[in-house]
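Enquirer: For reference, the file data_23.cif (mmCIF, C-alpha atoms) is included below:
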```cif
data_run
#
loop_
_atom_site.label_atom_id
_atom_site.label_comp_id
_atom_site.auth_asym_id
_atom_site.auth_seq_id
_atom_site.Cartn_x
_atom_site.Cartn_y
_atom_site.Cartn_z
CA MET M 231 -9.03 6.13 -8.03
CA LEU M 232 -5.98 7.10 -6.01
CA THR M 233 -5.36 10.81 -5.85
CA THR M 234 -3.29 13.24 -3.80
CA ARG M 235 -6.49 15.16 -3.02
CA TYR M 236 -6.76 13.16 0.18
CA VAL M 237 -10.06 12.67 1.99
CA THR M 238 -10.94 10.74 5.14
CA GLY M 239 -10.37 7.03 4.58
CA ALA M 240 -8.19 7.43 1.51
CA PRO M 241 -4.72 5.85 1.37
CA ASN M 242 -2.29 8.73 1.88
CA TRP M 243 1.05 7.07 2.71
CA VAL M 244 2.98 3.84 2.21
CA ASP M 245 6.25 2.82 3.79
CA LEU M 246 8.70 -0.06 3.74
CA GLY M 247 10.19 -1.85 6.73
CA THR M 248 13.40 -3.61 5.71
CA PRO M 249 16.51 -5.04 7.38
CA ASP M 250 18.76 -3.31 4.82
CA LEU M 251 17.68 0.20 3.95
CA ASP M 252 20.69 0.85 1.72
CA GLY M 253 20.11 -2.38 -0.19
CA ALA M 254 16.39 -1.71 -0.51
CA GLY M 255 17.13 1.81 -1.72
CA ALA M 256 19.38 0.43 -4.44
CA PHE M 257 16.77 -2.15 -5.48
CA TYR M 258 13.84 0.26 -5.72
CA GLY M 259 16.04 2.96 -7.20
CA GLY M 260 16.93 0.65 -10.06
CA LEU M 261 13.33 -0.47 -10.44
CA PHE M 262 11.37 2.78 -10.08
CA GLY M 263 14.00 5.50 -10.32
CA TRP M 264 13.58 6.43 -6.65
CA ARG M 265 16.21 8.28 -4.66
CA PHE M 266 16.27 7.86 -0.89
CA ARG M 267 16.38 11.03 1.17
CA PRO M 268 17.09 10.48 4.89
CA GLY M 269 14.74 12.32 7.19
CA GLY M 270 17.45 13.51 9.57
CA PRO M 271 18.65 12.35 12.99
CA GLU M 272 15.35 13.28 14.65
CA THR M 273 13.49 10.69 12.54
CA GLY M 274 15.48 7.67 13.77
CA GLY M 275 16.63 6.69 10.28
CA TYR M 276 13.22 7.04 8.66
CA GLY M 277 13.42 8.58 5.19
CA PHE M 278 11.68 9.18 1.90
CA PHE M 279 11.81 7.51 -1.51
CA GLN M 280 11.53 10.34 -3.97
CA LEU M 281 10.62 10.39 -7.65
CA ASP M 282 11.88 13.54 -9.37
CA GLY M 283 11.94 15.29 -6.00
CA ARG M 284 8.43 14.19 -4.98
CA THR M 285 7.81 11.68 -2.20
CA ALA M 286 6.45 8.43 -3.67
CA ALA M 287 6.97 6.24 -0.56
CA ALA M 288 9.02 6.07 2.62
CA GLY M 289 11.18 3.52 4.38
CA MET M 290 12.98 2.57 7.55
CA GLN M 291 15.35 -0.11 8.76
CA THR M 292 13.61 -2.65 10.98
CA SER M 293 14.73 -5.57 13.12
CA GLU M 294 13.50 -9.15 13.10
CA GLU M 295 11.61 -8.44 16.33
CA GLN M 296 9.61 -5.77 14.51
CA GLY M 297 8.29 -8.28 12.01
CA PRO M 298 9.18 -9.49 8.53
CA PRO M 299 10.14 -7.06 5.75
CA SER M 300 6.93 -5.57 4.39
CA TRP M 301 5.08 -2.60 2.96
CA THR M 302 2.54 -0.82 5.16
CA VAL M 303 -0.30 1.30 3.84
CA TYR M 304 -1.69 4.26 5.82
CA PHE M 305 -5.17 5.73 5.61
CA GLN M 306 -6.15 9.33 6.26
CA THR M 307 -8.01 10.18 9.44
CA PRO M 308 -9.06 13.49 10.99
CA ASP M 309 -8.51 12.00 14.48
CA ALA M 310 -5.98 9.20 14.98
CA ASP M 311 -7.06 8.55 18.57
CA ALA M 312 -10.72 8.16 17.64
CA THR M 313 -9.86 5.87 14.71
CA ALA M 314 -7.67 3.67 16.92
CA GLN M 315 -10.55 3.36 19.35
CA ALA M 316 -12.97 2.54 16.52
CA ALA M 317 -10.62 -0.18 15.29
CA GLU M 318 -10.53 -1.78 18.74
CA GLU M 319 -14.31 -1.60 19.01
CA ALA M 320 -14.52 -3.37 15.63
CA HIS M 321 -12.38 -6.22 17.08
CA GLY M 322 -9.11 -5.02 15.63
CA SER M 323 -6.05 -4.11 17.67
CA VAL M 324 -3.65 -1.24 18.24
CA LEU M 325 -0.06 -2.27 17.45
CA MET M 326 1.40 1.20 18.09
CA GLN M 327 -0.53 3.80 20.05
CA PRO M 328 -1.26 7.16 18.40
CA MET M 329 1.75 9.45 18.54
CA ASP M 330 2.81 12.80 17.16
CA VAL M 331 5.55 12.77 14.52
CA LEU M 332 7.24 16.12 15.07
CA ASP M 333 4.94 18.68 13.42
CA GLN M 334 4.30 16.38 10.47
CA GLY M 335 1.18 14.64 11.73
CA ARG M 336 -0.14 12.02 14.14
CA MET M 337 0.06 8.33 13.39
CA ALA M 338 -0.78 4.89 14.74
CA ARG M 339 -0.28 1.33 13.58
CA LEU M 340 -3.31 -0.91 13.82
CA ALA M 341 -4.39 -4.40 12.79
CA ASP M 342 -7.75 -5.48 11.46
CA LYS M 343 -9.78 -8.28 13.06
CA SER M 344 -7.82 -10.94 11.14
CA GLY M 345 -4.47 -9.43 12.20
CA VAL M 346 -3.52 -7.55 9.02
CA PRO M 347 -1.33 -4.54 9.92
CA PHE M 348 -2.05 -1.08 8.52
CA GLY M 349 -1.43 2.50 9.54
CA ILE M 350 -3.41 5.68 9.98
CA TRP M 351 -2.13 9.20 9.38
CA GLN M 352 -3.66 12.41 10.70
CA PRO M 353 -2.00 15.09 8.58
CA GLY M 354 -0.09 17.99 10.03
CA ALA M 355 2.60 19.67 7.97
CA ASN M 356 2.84 16.48 5.90
CA GLN M 357 -0.39 15.92 3.97
CA GLY M 358 0.68 12.59 2.41
CA LEU M 359 2.44 11.27 -0.66
CA ASP M 360 3.31 13.86 -3.28
CA VAL M 361 2.71 11.61 -6.28
CA VAL M 362 0.46 8.66 -7.17
CA HIS M 363 -0.70 7.10 -10.45
CA GLU M 364 2.43 8.00 -12.39
CA PRO M 365 5.08 5.41 -13.31
CA GLY M 366 7.12 4.78 -10.18
CA SER M 367 4.30 5.60 -7.76
CA LEU M 368 1.40 3.93 -5.98
CA ARG M 369 -1.51 2.97 -8.22
CA TRP M 370 -3.72 0.37 -6.47
CA LEU M 371 -4.05 -1.69 -3.29
CA GLU M 372 -5.38 -5.16 -2.62
CA LEU M 373 -6.24 -6.73 0.71
CA TYR M 374 -5.85 -10.51 0.80
CA THR M 375 -7.90 -12.07 3.58
CA THR M 376 -9.77 -15.21 4.57
CA ASP M 377 -13.13 -13.46 5.08
CA VAL M 378 -14.13 -10.73 2.62
CA PRO M 379 -17.43 -9.73 4.30
CA ALA M 380 -15.74 -9.49 7.71
CA ALA M 381 -12.96 -7.35 6.25
CA ALA M 382 -15.46 -5.06 4.55
CA GLY M 383 -17.33 -4.67 7.82
CA PHE M 384 -14.20 -3.90 9.80
CA TYR M 385 -12.85 -1.22 7.47
CA ASN M 386 -16.28 0.37 7.26
CA ALA M 387 -16.49 0.55 11.06
CA ALA M 388 -12.90 1.70 11.59
CA LEU M 389 -12.30 3.97 8.58
CA GLY M 390 -15.72 4.53 7.04
CA LEU M 391 -14.73 2.73 3.83
CA GLU M 392 -17.50 1.68 1.45
CA THR M 393 -17.44 -1.40 -0.77
CA PHE M 394 -18.73 -1.90 -4.29
CA ALA M 395 -19.06 -5.19 -6.17
CA LEU M 396 -17.80 -5.19 -9.76
CA ASP M 397 -18.39 -7.88 -12.37
CA PHE M 398 -14.98 -9.38 -13.09
CA TYR M 399 -14.21 -12.41 -15.25
CA GLY M 400 -17.64 -13.88 -14.66
CA GLY M 401 -17.36 -13.35 -10.92
CA SER M 402 -17.42 -10.47 -8.48
CA TYR M 403 -14.58 -8.23 -7.32
CA THR M 404 -15.12 -6.18 -4.16
CA THR M 405 -13.59 -2.69 -4.18
CA PHE M 406 -12.95 -0.10 -1.48
CA SER M 407 -13.75 3.62 -1.69
CA PRO M 408 -13.56 6.36 0.95
CA GLY M 409 -16.93 6.88 2.59
CA GLY M 410 -19.30 9.13 0.66
CA GLN M 411 -17.04 9.37 -2.40
CA GLY M 412 -18.80 6.80 -4.58
CA GLU M 413 -17.59 4.06 -6.88
CA ASP M 414 -15.44 6.42 -8.97
CA ALA M 415 -13.17 6.94 -5.95
CA MET M 416 -12.29 3.25 -5.55
CA PHE M 417 -8.62 2.79 -4.69
CA GLY M 418 -8.32 -0.94 -4.08
CA GLY M 419 -9.95 -4.31 -3.74
CA VAL M 420 -10.37 -7.11 -1.24
CA VAL M 421 -9.79 -10.72 -2.30
CA ASP M 422 -10.35 -14.08 -0.62
CA LYS M 423 -6.92 -15.69 -0.46
CA ALA M 424 -8.43 -19.07 -1.29
CA ASP M 425 -9.38 -17.72 -4.73
CA ASP M 426 -5.80 -16.70 -5.60
CA PRO M 427 -3.23 -19.51 -5.90
CA VAL M 428 -0.34 -17.04 -5.57
CA GLU M 429 -1.64 -15.71 -2.26
CA ALA M 430 -3.25 -18.82 -0.79
CA GLN M 431 -0.20 -19.74 1.29
CA ALA M 432 0.82 -16.17 2.17
CA PRO M 433 -0.40 -14.45 5.33
CA SER M 434 -3.29 -12.04 5.01
CA TYR M 435 -1.91 -8.61 4.06
CA TRP M 436 -2.24 -5.40 2.07
CA LEU M 437 -0.45 -5.54 -1.30
CA PRO M 438 0.59 -2.24 -2.95
CA TYR M 439 0.66 -1.97 -6.74
CA PHE M 440 3.08 0.51 -8.30
CA GLU M 441 2.55 1.91 -11.79
CA VAL M 442 5.26 1.16 -14.37
CA ALA M 443 5.75 2.09 -18.00
CA ASP M 444 6.52 -1.51 -18.99
CA THR M 445 5.59 -4.49 -16.80
CA ASP M 446 7.92 -6.96 -18.51
CA ALA M 447 10.87 -4.58 -18.23
CA ALA M 448 10.08 -4.02 -14.55
CA VAL M 449 10.02 -7.77 -13.92
CA GLU M 450 13.42 -8.15 -15.55
CA LYS M 451 14.86 -5.26 -13.53
CA ALA M 452 13.49 -6.80 -10.34
CA ARG M 453 15.18 -10.12 -11.19
CA GLU M 454 18.45 -8.38 -11.96
CA GLY M 455 18.24 -6.54 -8.65
CA GLY M 456 17.86 -9.74 -6.66
CA GLY M 457 14.07 -9.71 -6.37
CA THR M 458 11.66 -12.62 -6.77
CA VAL M 459 8.85 -13.03 -9.29
CA ARG M 460 5.81 -14.32 -7.41
CA MET M 461 3.49 -14.09 -10.43
CA PRO M 462 4.79 -13.47 -13.96
CA SER M 463 3.50 -10.70 -16.19
CA THR M 464 -0.19 -11.27 -16.83
CA ASP M 465 -2.72 -9.34 -18.91
CA LEU M 466 -6.05 -8.44 -17.32
CA PRO M 467 -8.40 -7.06 -20.01
CA ASP M 468 -9.49 -3.46 -19.34
CA VAL M 469 -7.20 -3.39 -16.27
CA GLY M 470 -3.64 -3.68 -17.52
CA ARG M 471 -0.60 -5.91 -17.35
CA ILE M 472 0.42 -6.89 -13.83
CA ALA M 473 3.08 -8.92 -12.05
CA LYS M 474 3.59 -9.79 -8.39
CA LEU M 475 7.09 -9.46 -7.02
CA ALA M 476 9.12 -9.47 -3.80
CA ASP M 477 12.21 -7.42 -3.12
CA PRO M 478 15.52 -9.09 -2.15
CA TYR M 479 14.46 -9.12 1.52
CA GLY M 480 11.00 -10.60 0.98
CA ALA M 481 8.73 -7.54 1.04
CA ARG M 482 5.85 -8.25 -1.34
CA PHE M 483 4.54 -5.75 -3.88
CA ALA M 484 3.10 -5.69 -7.40
CA VAL M 485 3.56 -3.66 -10.56
CA ILE M 486 1.02 -2.66 -13.17
CA ARG M 487 1.04 -1.04 -16.57
CA SER M 488 -2.52 0.27 -16.44
CA ALA M 489 -4.74 -0.10 -19.47
CA GLN M 490 -5.80 3.52 -19.04
CA ARG M 491 -2.94 5.03 -17.10
CA GLY M 492 -4.06 8.59 -17.45
CA SER M 493 -7.61 7.96 -16.28
#
```
Take the structure in this file and express it as structure tokens.
Expert:
Amino acid sequence: MLTTRYVTGAPNWVDLGTPDLDGAGAFYGGLFGWRFRPGGPETGGYGFFQLDGRTAAAGMQTSEEQGPPSWTVYFQTPDADATAQAAEEAHGSVLMQPMDVLDQGRMARLADKSGVPFGIWQPGANQGLDVVHEPGSLRWLELYTTDVPAAAGFYNAALGLETFALDFYGGSYTTFSPGGQGEDAMFGGVVDKADDPVEAQAPSYWLPYFEVADTDAAVEKAREGGGTVRMPSTDLPDVGRIAKLADPYGARFAVIRSAQRGS
């Protein structure tokens, strides 16, 4: 499961690229109770979405040339340069070369072999998100792709991630865990887009799930805030109640009221 006890390969950061940072801050503030704290002039407008004073996500204003509004997930690495090289050797690509972010850490933006963007973060003063699992924070991740085995192979080669197959609704659901941590450390899954009618026409991408206290109430708040409901509230036995949404600018995300939130 997701935890702030970060290990190599674990998701340790998530940020939003949006054309309207003030508008996005108002939307997510109303939805999750976040408050946006600017990072200061040295960060170029980058800032932090905080939940009761703890960083739950981050965000920045982006232009059309930088790509569509979206959430990006980052994975922990002890060596950003070596991980970027490993991604290229696994037939991925480097979208932004490794760079130091003040004294906070070292980052790079990469893409897997099917072109899905993601980030890597080598911690410095900033170890990662302050809060996960709680309402208003990151709970789960899903990668939607056209080739599950190829994706599993890439993330194993680049990040050392391991996959486990779970029985799910008479089929199989492939999950990711940091290398060497076992099935109990799974933090997300990988899904063939063709098997999901909501995602079939969307590009391949990483979808973040945020925990909420009430899925139906979150859906209504998202509508009121100008968001879009991509999949209505749906119960998944032993998992929870989920919904897939998009913010007013088109960035896709999901919410979940976990069946066992404290686990």
Enquirer: With only C-alpha atoms as the counted atoms, please give the residues lying no more than 7 Å from range 301-305 of chain M, apart from itself and same-chain residues fewer than 2 positions off, as a ChimeraX atom specification.
Expert: /M:239-247,307,348-351,481
Enquirer: Could you work out how far CA of Gln280 in chain M lies from CA of Tyr439 in chain M, giving the answer in Å with one decimal?
Expert: 16.7 Å
Enquirer: Which is closest to Phe483 in chain M among M:Ala317, M:Ala424, M:Leu389, M:Leu437, if we use only C-alpha atoms?
Expert: M:Leu437
Enquirer: Can you translate the PyMOL selection byres ((chain M and resi 397-401) around 12) into the concrete residues it hits in this file, as a list in words?
Expert: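 Selection result, ordered by chain and number: Phe394, Ala395, Leu396, Ser402, Tyr403, Thr404, Thr405, Gly419, Val421, Asp425, Leu466, Pro467, Asp468 and Val469 of chain M.
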Enquirer: Which of these residues is nearest to Gly297 in chain M, using all atoms listed in the file: M:Gly410, M:Gly480, M:Gly260, M:Pro365?
Expert: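 Ranked by minimum distance to Gly297 in chain M, first place goes to M:Gly480.
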Enquirer: Exactly which residues make up the result of the PyMOL selection byres ((chain M and resi 276) around 8) on this file, given as an mmCIF file with C-alpha atoms, in the frame of the given file?
Expert:
```
data_model
loop_
_atom_site.group_PDB
_atom_site.id
_atom_site.type_symbol
_atom_site.label_atom_id
_atom_site.label_comp_id
_atom_site.auth_asym_id
_atom_site.auth_seq_id
_atom_site.Cartn_x
_atom_site.Cartn_y
_atom_site.Cartn_z
ATOM 1 C CA PRO M 268 17.090 10.480 4.890
ATOM 2 C CA GLY M 269 14.740 12.320 7.190
ATOM 3 C CA GLY M 270 17.450 13.510 9.570
ATOM 4 C CA THR M 273 13.490 10.690 12.540
ATOM 5 C CA GLY M 274 15.480 7.670 13.770
ATOM 6 C CA GLY M 275 16.630 6.690 10.280
ATOM 7 C CA GLY M 277 13.420 8.580 5.190
ATOM 8 C CA PHE M 278 11.680 9.180 1.900
ATOM 9 C CA ALA M 288 9.020 6.070 2.620
ATOM 10 C CA GLY M 289 11.180 3.520 4.380
ATOM 11 C CA MET M 290 12.980 2.570 7.550
ATOM 12 C CA GLN M 291 15.350 -0.110 8.760
#
```
